[in-house]
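S.K.: structure24.pdb is reproduced in full below (PDB, C-alpha atoms, pLDDT in the B column).
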MODEL        1
ATOM      1  CA  MET A   1      19.684  19.960 -12.023  1.00 65.00           C
ATOM      2  CA  ARG A   2      16.297  21.619 -11.677  1.00 68.00           C
ATOM      3  CA  GLU A   3      14.104  20.624  -8.748  1.00 83.00           C
ATOM      4  CA  LEU A   4      12.140  17.465  -9.491  1.00 91.00           C
ATOM      5  CA  ASP A   5       8.463  16.911  -8.832  1.00 93.00           C
ATOM      6  CA  VAL A   6       6.884  13.464  -8.436  1.00 94.00           C
ATOM      7  CA  ALA A   7       6.087  13.095 -12.150  1.00 94.00           C
ATOM      8  CA  ALA A   8       9.636  14.015 -13.225  1.00 93.00           C
ATOM      9  CA  LEU A   9      11.193  11.679 -10.649  1.00 93.00           C
ATOM     10  CA  ARG A  10       8.951   8.808 -11.798  1.00 92.00           C
ATOM     11  CA  GLU A  11       9.855   9.439 -15.435  1.00 91.00           C
ATOM     12  CA  ARG A  12      13.609   9.604 -14.837  1.00 90.00           C
ATOM     13  CA  LEU A  13      13.609   6.443 -12.735  1.00 89.00           C
ATOM     14  CA  ARG A  14      11.414   4.634 -15.281  1.00 85.00           C
ATOM     15  CA  ARG A  15      13.681   5.329 -18.228  1.00 81.00           C
ATOM     16  CA  THR A  16      17.064   4.729 -16.574  1.00 72.00           C
ATOM     17  CA  PRO A  17      18.297   1.211 -15.717  1.00 66.00           C
ATOM     18  CA  ALA A  18      19.721   0.793 -12.222  1.00 59.00           C
ATOM     19  CA  ALA A  19      22.829  -0.840 -13.668  1.00 53.00           C
ATOM     20  CA  SER A  20      23.980   2.576 -14.915  1.00 48.00           C
ATOM     21  CA  ALA A  21      25.222   3.344 -11.388  1.00 48.00           C
ATOM     22  CA  VAL A  22      28.144   1.266 -10.189  1.00 48.00           C
ATOM     23  CA  TYR A  23      29.643   3.088  -7.218  1.00 54.00           C
ATOM     24  CA  GLY A  24      30.359   1.062  -4.072  1.00 57.00           C
ATOM     25  CA  ASP A  25      32.958   1.238  -1.303  1.00 53.00           C
ATOM     26  CA  ASP A  26      35.989   1.652  -3.593  1.00 53.00           C
ATOM     27  CA  GLY A  27      35.404  -1.620  -5.424  1.00 54.00           C
ATOM     28  CA  ALA A  28      34.964  -3.585  -2.217  1.00 53.00           C
ATOM     29  CA  GLY A  29      33.012  -6.808  -2.139  1.00 49.00           C
ATOM     30  CA  ARG A  30      32.049  -7.256  -5.784  1.00 55.00           C
ATOM     31  CA  GLU A  31      33.996 -10.493  -6.049  1.00 56.00           C
ATOM     32  CA  ARG A  32      32.612 -11.951  -2.790  1.00 57.00           C
ATOM     33  CA  THR A  33      30.092 -14.754  -3.039  1.00 65.00           C
ATOM     34  CA  ASP A  34      29.431 -14.791   0.716  1.00 76.00           C
ATOM     35  CA  ALA A  35      28.260 -11.166   1.022  1.00 82.00           C
ATOM     36  CA  THR A  36      25.274 -10.601   3.303  1.00 88.00           C
ATOM     37  CA  VAL A  37      22.220  -9.584   1.269  1.00 91.00           C
ATOM     38  CA  ALA A  38      20.428  -6.490   2.562  1.00 94.00           C
ATOM     39  CA  ALA A  39      18.118  -3.717   1.378  1.00 97.00           C
ATOM     40  CA  VAL A  40      17.291  -0.172   2.428  1.00 97.00           C
ATOM     41  CA  LEU A  41      14.390   2.106   1.629  1.00 98.00           C
ATOM     42  CA  VAL A  42      15.177   5.561   0.254  1.00 98.00           C
ATOM     43  CA  PRO A  43      11.934   7.232   1.396  1.00 98.00           C
ATOM     44  CA  VAL A  44      11.055  10.245  -0.765  1.00 98.00           C
ATOM     45  CA  ILE A  45       8.432  12.302   1.069  1.00 98.00           C
ATOM     46  CA  THR A  46       5.964  14.032  -1.262  1.00 97.00           C
ATOM     47  CA  HIS A  47       5.382  17.356   0.508  1.00 97.00           C
ATOM     48  CA  ALA A  48       3.371  19.916  -1.454  1.00 94.00           C
ATOM     49  CA  GLY A  49       6.288  22.359  -1.114  1.00 94.00           C
ATOM     50  CA  GLY A  50       8.863  19.962  -2.538  1.00 96.00           C
ATOM     51  CA  LEU A  51      10.284  16.471  -2.225  1.00 97.00           C
ATOM     52  CA  THR A  52      12.455  15.478   0.730  1.00 98.00           C
ATOM     53  CA  VAL A  53      14.317  12.314   1.677  1.00 98.00           C
ATOM     54  CA  LEU A  54      13.910  10.774   5.120  1.00 98.00           C
ATOM     55  CA  PHE A  55      16.939   9.578   7.101  1.00 98.00           C
ATOM     56  CA  THR A  56      17.511   7.997  10.486  1.00 96.00           C
ATOM     57  CA  ARG A  57      20.369   8.405  12.919  1.00 92.00           C
ATOM     58  CA  ARG A  58      21.159   5.106  14.588  1.00 85.00           C
ATOM     59  CA  THR A  59      21.387   4.854  18.358  1.00 82.00           C
ATOM     60  CA  ALA A  60      24.837   5.023  19.935  1.00 65.00           C
ATOM     61  CA  HIS A  61      24.701   1.575  21.561  1.00 61.00           C
ATOM     62  CA  LEU A  62      24.210  -0.467  18.368  1.00 52.00           C
ATOM     63  CA  LYS A  63      26.954  -2.935  17.443  1.00 55.00           C
ATOM     64  CA  HIS A  64      27.196  -1.828  13.786  1.00 53.00           C
ATOM     65  CA  HIS A  65      27.244   1.779  12.489  1.00 53.00           C
ATOM     66  CA  SER A  66      26.205   3.275  15.829  1.00 51.00           C
ATOM     67  CA  GLY A  67      25.355   6.976  15.686  1.00 64.00           C
ATOM     68  CA  GLN A  68      25.537   7.075  11.887  1.00 86.00           C
ATOM     69  CA  VAL A  69      22.992   8.553   9.497  1.00 94.00           C
ATOM     70  CA  SER A  70      21.373   5.878   7.371  1.00 94.00           C
ATOM     71  CA  PHE A  71      18.317   4.818   5.437  1.00 97.00           C
ATOM     72  CA  PRO A  72      15.929   2.414   7.171  1.00 96.00           C
ATOM     73  CA  GLY A  73      16.681  -1.174   6.218  1.00 95.00           C
ATOM     74  CA  GLY A  74      18.675  -4.252   7.032  1.00 93.00           C
ATOM     75  CA  ARG A  75      19.449  -7.883   6.293  1.00 94.00           C
ATOM     76  CA  ALA A  76      17.191  -9.955   4.081  1.00 95.00           C
ATOM     77  CA  GLU A  77      15.171 -12.690   5.786  1.00 96.00           C
ATOM     78  CA  PRO A  78      14.401 -16.050   4.131  1.00 94.00           C
ATOM     79  CA  ASP A  79      10.691 -15.148   3.852  1.00 95.00           C
ATOM     80  CA  ASP A  80      11.335 -11.838   2.052  1.00 95.00           C
ATOM     81  CA  ALA A  81      10.123 -11.991  -1.566  1.00 96.00           C
ATOM     82  CA  GLY A  82      12.942  -9.670  -2.715  1.00 95.00           C
ATOM     83  CA  PRO A  83      14.744  -6.413  -1.918  1.00 97.00           C
ATOM     84  CA  GLU A  84      11.499  -4.422  -1.912  1.00 97.00           C
ATOM     85  CA  ALA A  85       9.988  -6.733   0.714  1.00 97.00           C
ATOM     86  CA  THR A  86      13.145  -6.511   2.845  1.00 98.00           C
ATOM     87  CA  ALA A  87      13.254  -2.712   2.659  1.00 98.00           C
ATOM     88  CA  LEU A  88       9.559  -2.309   3.482  1.00 98.00           C
ATOM     89  CA  ARG A  89       9.625  -4.842   6.347  1.00 97.00           C
ATOM     90  CA  GLU A  90      12.703  -3.290   7.917  1.00 96.00           C
ATOM     91  CA  THR A  91      11.283   0.230   7.546  1.00 97.00           C
ATOM     92  CA  GLU A  92       8.060  -0.838   9.243  1.00 97.00           C
ATOM     93  CA  GLU A  93      10.034  -2.417  12.096  1.00 96.00           C
ATOM     94  CA  GLU A  94      12.362   0.573  12.569  1.00 95.00           C
ATOM     95  CA  LEU A  95       9.974   3.474  11.991  1.00 97.00           C
ATOM     96  CA  GLY A  96       6.434   2.122  12.229  1.00 96.00           C
ATOM     97  CA  LEU A  97       5.821   3.218   8.633  1.00 97.00           C
ATOM     98  CA  ALA A  98       3.200   0.859   7.198  1.00 96.00           C
ATOM     99  CA  ARG A  99       4.224  -0.873   3.964  1.00 96.00           C
ATOM    100  CA  ALA A 100       0.936   0.109   2.355  1.00 96.00           C
ATOM    101  CA  ARG A 101       1.912   3.794   2.663  1.00 97.00           C
ATOM    102  CA  VAL A 102       4.969   3.359   0.405  1.00 98.00           C
ATOM    103  CA  GLU A 103       4.760   3.407  -3.394  1.00 97.00           C
ATOM    104  CA  VAL A 104       7.849   1.582  -4.630  1.00 97.00           C
ATOM    105  CA  LEU A 105       9.311   3.296  -7.707  1.00 95.00           C
ATOM    106  CA  ALA A 106      12.614   1.623  -8.534  1.00 93.00           C
ATOM    107  CA  ARG A 107      15.796  -0.033  -7.341  1.00 92.00           C
ATOM    108  CA  LEU A 108      19.222   1.516  -7.462  1.00 90.00           C
ATOM    109  CA  ALA A 109      22.266  -0.552  -8.341  1.00 86.00           C
ATOM    110  CA  GLU A 110      23.467  -2.858  -5.587  1.00 87.00           C
ATOM    111  CA  TYR A 111      25.912  -1.146  -3.273  1.00 89.00           C
ATOM    112  CA  PHE A 112      28.832  -3.296  -2.136  1.00 85.00           C
ATOM    113  CA  LYS A 113      30.195  -2.447   1.295  1.00 79.00           C
ATOM    114  CA  GLY A 114      33.666  -3.372   2.437  1.00 68.00           C
ATOM    115  CA  ALA A 115      32.134  -4.867   5.597  1.00 68.00           C
ATOM    116  CA  GLY A 116      30.710  -7.706   3.484  1.00 78.00           C
ATOM    117  CA  PHE A 117      27.221  -6.444   2.624  1.00 83.00           C
ATOM    118  CA  ARG A 118      25.479  -6.314  -0.755  1.00 88.00           C
ATOM    119  CA  VAL A 119      22.780  -3.672  -0.296  1.00 92.00           C
ATOM    120  CA  THR A 120      19.931  -2.918  -2.701  1.00 94.00           C
ATOM    121  CA  PRO A 121      18.510   0.597  -2.252  1.00 96.00           C
ATOM    122  CA  VAL A 122      14.790   0.778  -3.046  1.00 97.00           C
ATOM    123  CA  ILE A 123      13.263   4.162  -3.918  1.00 97.00           C
ATOM    124  CA  GLY A 124       9.767   4.699  -2.525  1.00 97.00           C
ATOM    125  CA  LEU A 125       7.313   7.593  -2.407  1.00 98.00           C
ATOM    126  CA  VAL A 126       5.635   8.342   0.923  1.00 98.00           C
ATOM    127  CA  PRO A 127       2.809  10.889   1.243  1.00 97.00           C
ATOM    128  CA  PRO A 128       2.655  13.033   4.391  1.00 96.00           C
ATOM    129  CA  PRO A 129       1.670  13.038   7.182  1.00 94.00           C
ATOM    130  CA  LEU A 130       4.213  10.429   8.235  1.00 92.00           C
ATOM    131  CA  GLU A 131       2.918   9.451  11.708  1.00 88.00           C
ATOM    132  CA  LEU A 132       6.076   7.505  12.548  1.00 95.00           C
ATOM    133  CA  LEU A 133       6.776   5.410  15.647  1.00 94.00           C
ATOM    134  CA  PRO A 134      10.578   4.979  15.645  1.00 94.00           C
ATOM    135  CA  ASP A 135      11.995   2.001  17.528  1.00 91.00           C
ATOM    136  CA  ALA A 136      13.999   3.677  20.301  1.00 89.00           C
ATOM    137  CA  ARG A 137      16.357   0.667  20.472  1.00 89.00           C
ATOM    138  CA  GLU A 138      17.555   1.350  16.908  1.00 87.00           C
ATOM    139  CA  VAL A 139      16.674   4.934  15.981  1.00 91.00           C
ATOM    140  CA  ASP A 140      17.859   8.065  17.797  1.00 91.00           C
ATOM    141  CA  GLU A 141      16.525  10.620  15.330  1.00 93.00           C
ATOM    142  CA  VAL A 142      14.460  10.871  12.151  1.00 96.00           C
ATOM    143  CA  PHE A 143      14.930  13.867   9.853  1.00 97.00           C
ATOM    144  CA  GLU A 144      14.380  15.004   6.271  1.00 98.00           C
ATOM    145  CA  VAL A 145      16.649  16.690   3.730  1.00 98.00           C
ATOM    146  CA  PRO A 146      15.380  18.339   0.526  1.00 98.00           C
ATOM    147  CA  LEU A 147      15.879  16.069  -2.486  1.00 97.00           C
ATOM    148  CA  ALA A 148      17.118  19.036  -4.531  1.00 96.00           C
ATOM    149  CA  PHE A 149      19.936  19.607  -2.018  1.00 97.00           C
ATOM    150  CA  LEU A 150      20.940  15.931  -2.103  1.00 97.00           C
ATOM    151  CA  LEU A 151      20.985  15.833  -5.905  1.00 95.00           C
ATOM    152  CA  ASP A 152      23.164  18.934  -6.237  1.00 96.00           C
ATOM    153  CA  PRO A 153      26.696  17.651  -7.015  1.00 95.00           C
ATOM    154  CA  ARG A 154      28.173  20.756  -5.361  1.00 96.00           C
ATOM    155  CA  ASN A 155      27.081  19.158  -2.064  1.00 97.00           C
ATOM    156  CA  HIS A 156      28.930  15.856  -2.738  1.00 96.00           C
ATOM    157  CA  ARG A 157      32.362  15.955  -1.124  1.00 94.00           C
ATOM    158  CA  ARG A 158      34.966  13.200  -1.407  1.00 92.00           C
ATOM    159  CA  GLU A 159      37.099  12.373   1.639  1.00 92.00           C
ATOM    160  CA  ALA A 160      39.509   9.589   2.564  1.00 88.00           C
ATOM    161  CA  ARG A 161      40.846   7.958   5.695  1.00 84.00           C
ATOM    162  CA  GLU A 162      42.987   4.997   6.637  1.00 83.00           C
ATOM    163  CA  LEU A 163      41.082   1.863   7.554  1.00 73.00           C
ATOM    164  CA  ARG A 164      42.938  -1.333   8.544  1.00 75.00           C
ATOM    165  CA  GLY A 165      46.089  -0.079   6.819  1.00 80.00           C
ATOM    166  CA  THR A 166      44.361   0.929   3.574  1.00 80.00           C
ATOM    167  CA  GLN A 167      43.377   4.392   2.368  1.00 82.00           C
ATOM    168  CA  VAL A 168      39.602   4.363   1.763  1.00 82.00           C
ATOM    169  CA  ALA A 169      37.690   7.117  -0.067  1.00 85.00           C
ATOM    170  CA  TYR A 170      34.011   7.892   0.517  1.00 89.00           C
ATOM    171  CA  TYR A 171      31.402  10.583  -0.086  1.00 93.00           C
ATOM    172  CA  VAL A 172      30.215  13.109   2.490  1.00 95.00           C
ATOM    173  CA  ILE A 173      27.097  15.297   2.325  1.00 97.00           C
ATOM    174  CA  GLU A 174      26.479  17.824   5.103  1.00 97.00           C
ATOM    175  CA  HIS A 175      23.137  19.501   5.740  1.00 97.00           C
ATOM    176  CA  GLU A 176      22.269  21.732   8.701  1.00 96.00           C
ATOM    177  CA  GLY A 177      24.911  20.214  10.960  1.00 93.00           C
ATOM    178  CA  ARG A 178      24.137  16.602  10.083  1.00 95.00           C
ATOM    179  CA  VAL A 179      26.783  14.532   8.313  1.00 95.00           C
ATOM    180  CA  ILE A 180      25.697  11.893   5.809  1.00 96.00           C
ATOM    181  CA  TRP A 181      28.668   9.811   4.736  1.00 92.00           C
ATOM    182  CA  GLY A 182      29.876   6.409   3.604  1.00 90.00           C
ATOM    183  CA  ALA A 183      27.414   4.009   2.019  1.00 90.00           C
ATOM    184  CA  THR A 184      24.399   6.274   2.593  1.00 94.00           C
ATOM    185  CA  ALA A 185      26.053   9.215   0.839  1.00 95.00           C
ATOM    186  CA  GLY A 186      27.327   6.859  -1.888  1.00 92.00           C
ATOM    187  CA  MET A 187      23.767   5.683  -2.558  1.00 93.00           C
ATOM    188  CA  ILE A 188      22.646   9.303  -2.896  1.00 95.00           C
ATOM    189  CA  VAL A 189      25.438   9.911  -5.398  1.00 92.00           C
ATOM    190  CA  ASN A 190      24.254   6.817  -7.287  1.00 89.00           C
ATOM    191  CA  LEU A 191      20.731   8.250  -7.386  1.00 92.00           C
ATOM    192  CA  TYR A 192      22.123  11.521  -8.716  1.00 92.00           C
ATOM    193  CA  LYS A 193      24.125   9.686 -11.410  1.00 87.00           C
ATOM    194  CA  MET A 194      21.110   7.595 -12.348  1.00 86.00           C
ATOM    195  CA  ILE A 195      18.661  10.442 -12.892  1.00 87.00           C
ATOM    196  CA  SER A 196      20.832  13.426 -13.870  1.00 81.00           C
TER     197      SER A 196
ENDMDL
END
Write out the structure in this file as structure tokens.
M.R.:
Amino acid sequence: MRELDVAALRERLRRTPAASAVYGDDGAGRERTDATVAAVLVPVITHAGGLTVLFTRRTAHLKHHSGQVSFPGGRAEPDDAGPEATALRETEEELGLARARVEVLARLAEYFKGAGFRVTPVIGLVPPPLELLPDAREVDEVFEVPLAFLLDPRNHRREARELRGTQVAYYVIEHEGRVIWGATAGMIVNLYKMIS
């Protein structure tokens, strides 16, 4: 896939329905009616030299997914108007990125996690400079990866491990010593499938 600019990304997301991507944690959770509703922001940073995607690495002391690479986001609150509102609120809380700085482009298909979450990824454009204020209680590191690298299927590796007596497969994407895996990598693969 050739490197996308903002106009090409907008066009591909506009013409492709989110339902075209269906990958989740190996079929987990789709039948659950009690899944926790959540949303994440997939922040695409519009640098003049090319688009990047912003990630966080969660602090080691957190109860869930400690030390993992993720997108900013979290559980929906009753006052949230929808997934976009959840993703923007959570991003502002975690990173200090004002909602007004994000241009929401599209939603990806819901991602069902075996841990009982139904997550809606929301794609948003963010112009630099970022001027972030990460919440040190939740975020250990903030970094960017070129969108072109993430959308190259040669960088999508499939691995498996045993979890609670069951063999579970998941995607892994490595970039400059950082490992993006599980739901976050699966959402990237969904984005690739949606716009390729």
S.K.: Just want the 9 Å neighbourhood of A:Glu174, counted on only C-alpha atoms, with same-chain residues fewer than 5 positions away dropped. Output as a PDB file with C-alpha atoms, keeping the file's coordinate frame.
M.R.:
ATOM      1  CA  ASN A 155      27.081  19.158  -2.064  1.00 97.00           C
ATOM      2  CA  HIS A 156      28.930  15.856  -2.738  1.00 96.00           C
ATOM      3  CA  ARG A 157      32.362  15.955  -1.124  1.00 94.00           C
ATOM      4  CA  VAL A 179      26.783  14.532   8.313  1.00 95.00           C
ATOM      5  CA  ILE A 180      25.697  11.893   5.809  1.00 96.00           C
ATOM      6  CA  TRP A 181      28.668   9.811   4.736  1.00 92.00           C
TER       7      TRP A 181
END
S.K.: Would you please work out which residue, of A:Ser70, A:Gln167, A:Val102, A:Glu94, is nearest to A:Pro128 when using all atoms listed in the file?
M.R.: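 Between A:Ser70, A:Gln167, A:Val102, A:Glu94, the residue approaching A:Pro128 most closely is A:Val102.
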S.K.: A:Pro43: which residues within 9 Å, counting all atoms listed in the file, same-chain residues fewer than 4 positions away excluded, as a list in words?
M.R.: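 The residues satisfying every condition are Thr52, Val53, Leu54, Phe55, Phe71, Pro72, Val102, Val122, Ile123, Gly124, Leu125 and Val126 of chain A.
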S.K.: Give the answer as one residue: which of A:Val42, A:Ala106, A:Ala98, A:Val69 has the shortest atom-to-atom distance to A:Val142, using all atoms listed in the file?
M.R.: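 Of A:Val42, A:Ala106, A:Ala98, A:Val69, the one nearest A:Val142 is A:Val69, counting all atoms listed in the file.
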S.K.: Evaluate the PyMOL selection byres ((chain A and resi 173) around 12) here and jot the selected residues down as an mmCIF file with C-alpha atoms, in the frame of the given file.
M.R.:
data_model
loop_
_atom_site.group_PDB
_atom_site.id
_atom_site.type_symbol
_atom_site.label_atom_id
_atom_site.label_comp_id
_atom_site.auth_asym_id
_atom_site.auth_seq_id
_atom_site.Cartn_x
_atom_site.Cartn_y
_atom_site.Cartn_z
ATOM 1 C CA VAL A 69 22.992 8.553 9.497
ATOM 2 C CA VAL A 145 16.649 16.690 3.730
ATOM 3 C CA PHE A 149 19.936 19.607 -2.018
ATOM 4 C CA LEU A 150 20.940 15.931 -2.103
ATOM 5 C CA LEU A 151 20.985 15.833 -5.905
ATOM 6 C CA ASP A 152 23.164 18.934 -6.237
ATOM 7 C CA PRO A 153 26.696 17.651 -7.015
ATOM 8 C CA ARG A 154 28.173 20.756 -5.361
ATOM 9 C CA ASN A 155 27.081 19.158 -2.064
ATOM 10 C CA HIS A 156 28.930 15.856 -2.738
ATOM 11 C CA ARG A 157 32.362 15.955 -1.124
ATOM 12 C CA ARG A 158 34.966 13.200 -1.407
ATOM 13 C CA GLU A 159 37.099 12.373 1.639
ATOM 14 C CA TYR A 170 34.011 7.892 0.517
ATOM 15 C CA TYR A 171 31.402 10.583 -0.086
ATOM 16 C CA VAL A 172 30.215 13.109 2.490
ATOM 17 C CA GLU A 174 26.479 17.824 5.103
ATOM 18 C CA HIS A 175 23.137 19.501 5.740
ATOM 19 C CA GLU A 176 22.269 21.732 8.701
ATOM 20 C CA GLY A 177 24.911 20.214 10.960
ATOM 21 C CA ARG A 178 24.137 16.602 10.083
ATOM 22 C CA VAL A 179 26.783 14.532 8.313
ATOM 23 C CA ILE A 180 25.697 11.893 5.809
ATOM 24 C CA TRP A 181 28.668 9.811 4.736
ATOM 25 C CA GLY A 182 29.876 6.409 3.604
ATOM 26 C CA ALA A 183 27.414 4.009 2.019
ATOM 27 C CA THR A 184 24.399 6.274 2.593
ATOM 28 C CA ALA A 185 26.053 9.215 0.839
ATOM 29 C CA GLY A 186 27.327 6.859 -1.888
ATOM 30 C CA MET A 187 23.767 5.683 -2.558
ATOM 31 C CA ILE A 188 22.646 9.303 -2.896
ATOM 32 C CA VAL A 189 25.438 9.911 -5.398
#
S.K.: With distances taken over all atoms listed in the file, which of A:Arg57, A:Ala39, A:Phe112, A:Val6 is nearest to A:Asp140?
M.R.: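 Selected residue with least distance to A:Asp140: A:Arg57.
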S.K.: Using atom CA of A:Val104 and atom CA of A:Arg14 as the two end points, give the distance in Å to one decimal.
M.R.: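 Those two atoms sit 11.6 Å apart.
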S.K.: To one decimal in Å, tell me the separation between atom CA of A:Leu51 and atom CA of A:Leu88.
M.R.: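 One can read the atom CA of A:Leu51 to atom CA of A:Leu88 distance as 19.6 Å.
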S.K.: The PyMOL selection byres ((chain A and resi 119-121) around 8) on the file shown: which residues, as a PDB file with C-alpha atoms, in the frame of the given file?
M.R.:
ATOM      1  CA  VAL A  37      22.220  -9.584   1.269  1.00 91.00           C
ATOM      2  CA  ALA A  38      20.428  -6.490   2.562  1.00 94.00           C
ATOM      3  CA  ALA A  39      18.118  -3.717   1.378  1.00 97.00           C
ATOM      4  CA  VAL A  40      17.291  -0.172   2.428  1.00 97.00           C
ATOM      5  CA  LEU A  41      14.390   2.106   1.629  1.00 98.00           C
ATOM      6  CA  VAL A  42      15.177   5.561   0.254  1.00 98.00           C
ATOM      7  CA  PRO A  83      14.744  -6.413  -1.918  1.00 97.00           C
ATOM      8  CA  ALA A  87      13.254  -2.712   2.659  1.00 98.00           C
ATOM      9  CA  ARG A 107      15.796  -0.033  -7.341  1.00 92.00           C
ATOM     10  CA  LEU A 108      19.222   1.516  -7.462  1.00 90.00           C
ATOM     11  CA  ALA A 109      22.266  -0.552  -8.341  1.00 86.00           C
ATOM     12  CA  GLU A 110      23.467  -2.858  -5.587  1.00 87.00           C
ATOM     13  CA  TYR A 111      25.912  -1.146  -3.273  1.00 89.00           C
ATOM     14  CA  PHE A 112      28.832  -3.296  -2.136  1.00 85.00           C
ATOM     15  CA  LYS A 113      30.195  -2.447   1.295  1.00 79.00           C
ATOM     16  CA  PHE A 117      27.221  -6.444   2.624  1.00 83.00           C
ATOM     17  CA  ARG A 118      25.479  -6.314  -0.755  1.00 88.00           C
ATOM     18  CA  VAL A 122      14.790   0.778  -3.046  1.00 97.00           C
ATOM     19  CA  ILE A 123      13.263   4.162  -3.918  1.00 97.00           C
ATOM     20  CA  MET A 187      23.767   5.683  -2.558  1.00 93.00           C
TER      21      MET A 187
END
S.K.: Hey, which of A:Ala81, A:Ala76, A:Ala7, A:Leu133 ends up closest to A:Thr46? Count only C-alpha atoms.
M.R.: A:Ala7
S.K.: Could you check how far atom CA of A:Arg10 sits from atom CA of A:Pro129, in Å to one decimal?
M.R.: 20.8 Å
S.K.: Filtering to all heavy atoms, could stretch 45-51 of chain A of the supplied structure be written out as a PDB file, in the first residue's frame?
M.R.:
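This went into selection.pdb:
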ATOM      1  N   ILE A  45      -1.503  11.553  13.704  1.00  0.00           N
ATOM      2  CA  ILE A  45      -0.854  12.859  13.805  1.00  0.00           C
ATOM      3  C   ILE A  45      -0.444  13.306  12.406  1.00  0.00           C
ATOM      4  O   ILE A  45       0.213  12.566  11.670  1.00  0.00           O
ATOM      5  CB  ILE A  45       0.372  12.804  14.736  1.00  0.00           C
ATOM      6  CG1 ILE A  45       0.045  12.039  16.025  1.00  0.00           C
ATOM      7  CG2 ILE A  45       0.871  14.214  15.031  1.00  0.00           C
ATOM      8  CD1 ILE A  45      -1.121  12.562  16.828  1.00  0.00           C
ATOM      9  N   THR A  46      -0.831  14.519  12.041  1.00  0.00           N
ATOM     10  CA  THR A  46      -0.677  15.003  10.660  1.00  0.00           C
ATOM     11  C   THR A  46       0.615  15.807  10.478  1.00  0.00           C
ATOM     12  O   THR A  46       0.589  16.987  10.144  1.00  0.00           O
ATOM     13  CB  THR A  46      -1.902  15.850  10.250  1.00  0.00           C
ATOM     14  OG1 THR A  46      -2.025  16.971  11.160  1.00  0.00           O
ATOM     15  CG2 THR A  46      -3.174  15.038  10.290  1.00  0.00           C
ATOM     16  N   HIS A  47       1.740  15.152  10.674  1.00  0.00           N
ATOM     17  CA  HIS A  47       3.042  15.810  10.447  1.00  0.00           C
ATOM     18  C   HIS A  47       3.214  16.107   8.961  1.00  0.00           C
ATOM     19  O   HIS A  47       2.741  15.335   8.102  1.00  0.00           O
ATOM     20  CB  HIS A  47       4.186  14.895  10.897  1.00  0.00           C
ATOM     21  CG  HIS A  47       4.221  14.662  12.368  1.00  0.00           C
ATOM     22  ND1 HIS A  47       4.550  15.634  13.281  1.00  0.00           N
ATOM     23  CD2 HIS A  47       3.962  13.535  13.095  1.00  0.00           C
ATOM     24  CE1 HIS A  47       4.508  15.131  14.503  1.00  0.00           C
ATOM     25  NE2 HIS A  47       4.157  13.857  14.421  1.00  0.00           N
ATOM     26  N   ALA A  48       3.902  17.194   8.652  1.00  0.00           N
ATOM     27  CA  ALA A  48       4.152  17.548   7.255  1.00  0.00           C
ATOM     28  C   ALA A  48       4.937  16.452   6.536  1.00  0.00           C
ATOM     29  O   ALA A  48       4.742  16.220   5.342  1.00  0.00           O
ATOM     30  CB  ALA A  48       4.915  18.873   7.187  1.00  0.00           C
ATOM     31  N   GLY A  49       5.798  15.740   7.257  1.00  0.00           N
ATOM     32  CA  GLY A  49       6.625  14.700   6.651  1.00  0.00           C
ATOM     33  C   GLY A  49       5.955  13.349   6.536  1.00  0.00           C
ATOM     34  O   GLY A  49       6.558  12.400   6.045  1.00  0.00           O
ATOM     35  N   GLY A  50       4.722  13.234   7.000  1.00  0.00           N
ATOM     36  CA  GLY A  50       4.009  11.962   6.919  1.00  0.00           C
ATOM     37  C   GLY A  50       3.157  11.722   8.148  1.00  0.00           C
ATOM     38  O   GLY A  50       3.406  12.293   9.219  1.00  0.00           O
ATOM     39  N   LEU A  51       2.164  10.887   8.013  1.00  0.00           N
ATOM     40  CA  LEU A  51       1.237  10.594   9.098  1.00  0.00           C
ATOM     41  C   LEU A  51       1.836   9.571  10.062  1.00  0.00           C
ATOM     42  O   LEU A  51       2.513   8.632   9.642  1.00  0.00           O
ATOM     43  CB  LEU A  51      -0.076  10.045   8.535  1.00  0.00           C
ATOM     44  CG  LEU A  51      -0.814  10.929   7.522  1.00  0.00           C
ATOM     45  CD1 LEU A  51      -2.087  10.241   7.036  1.00  0.00           C
ATOM     46  CD2 LEU A  51      -1.131  12.289   8.107  1.00  0.00           C
TER      47      LEU A  51
END
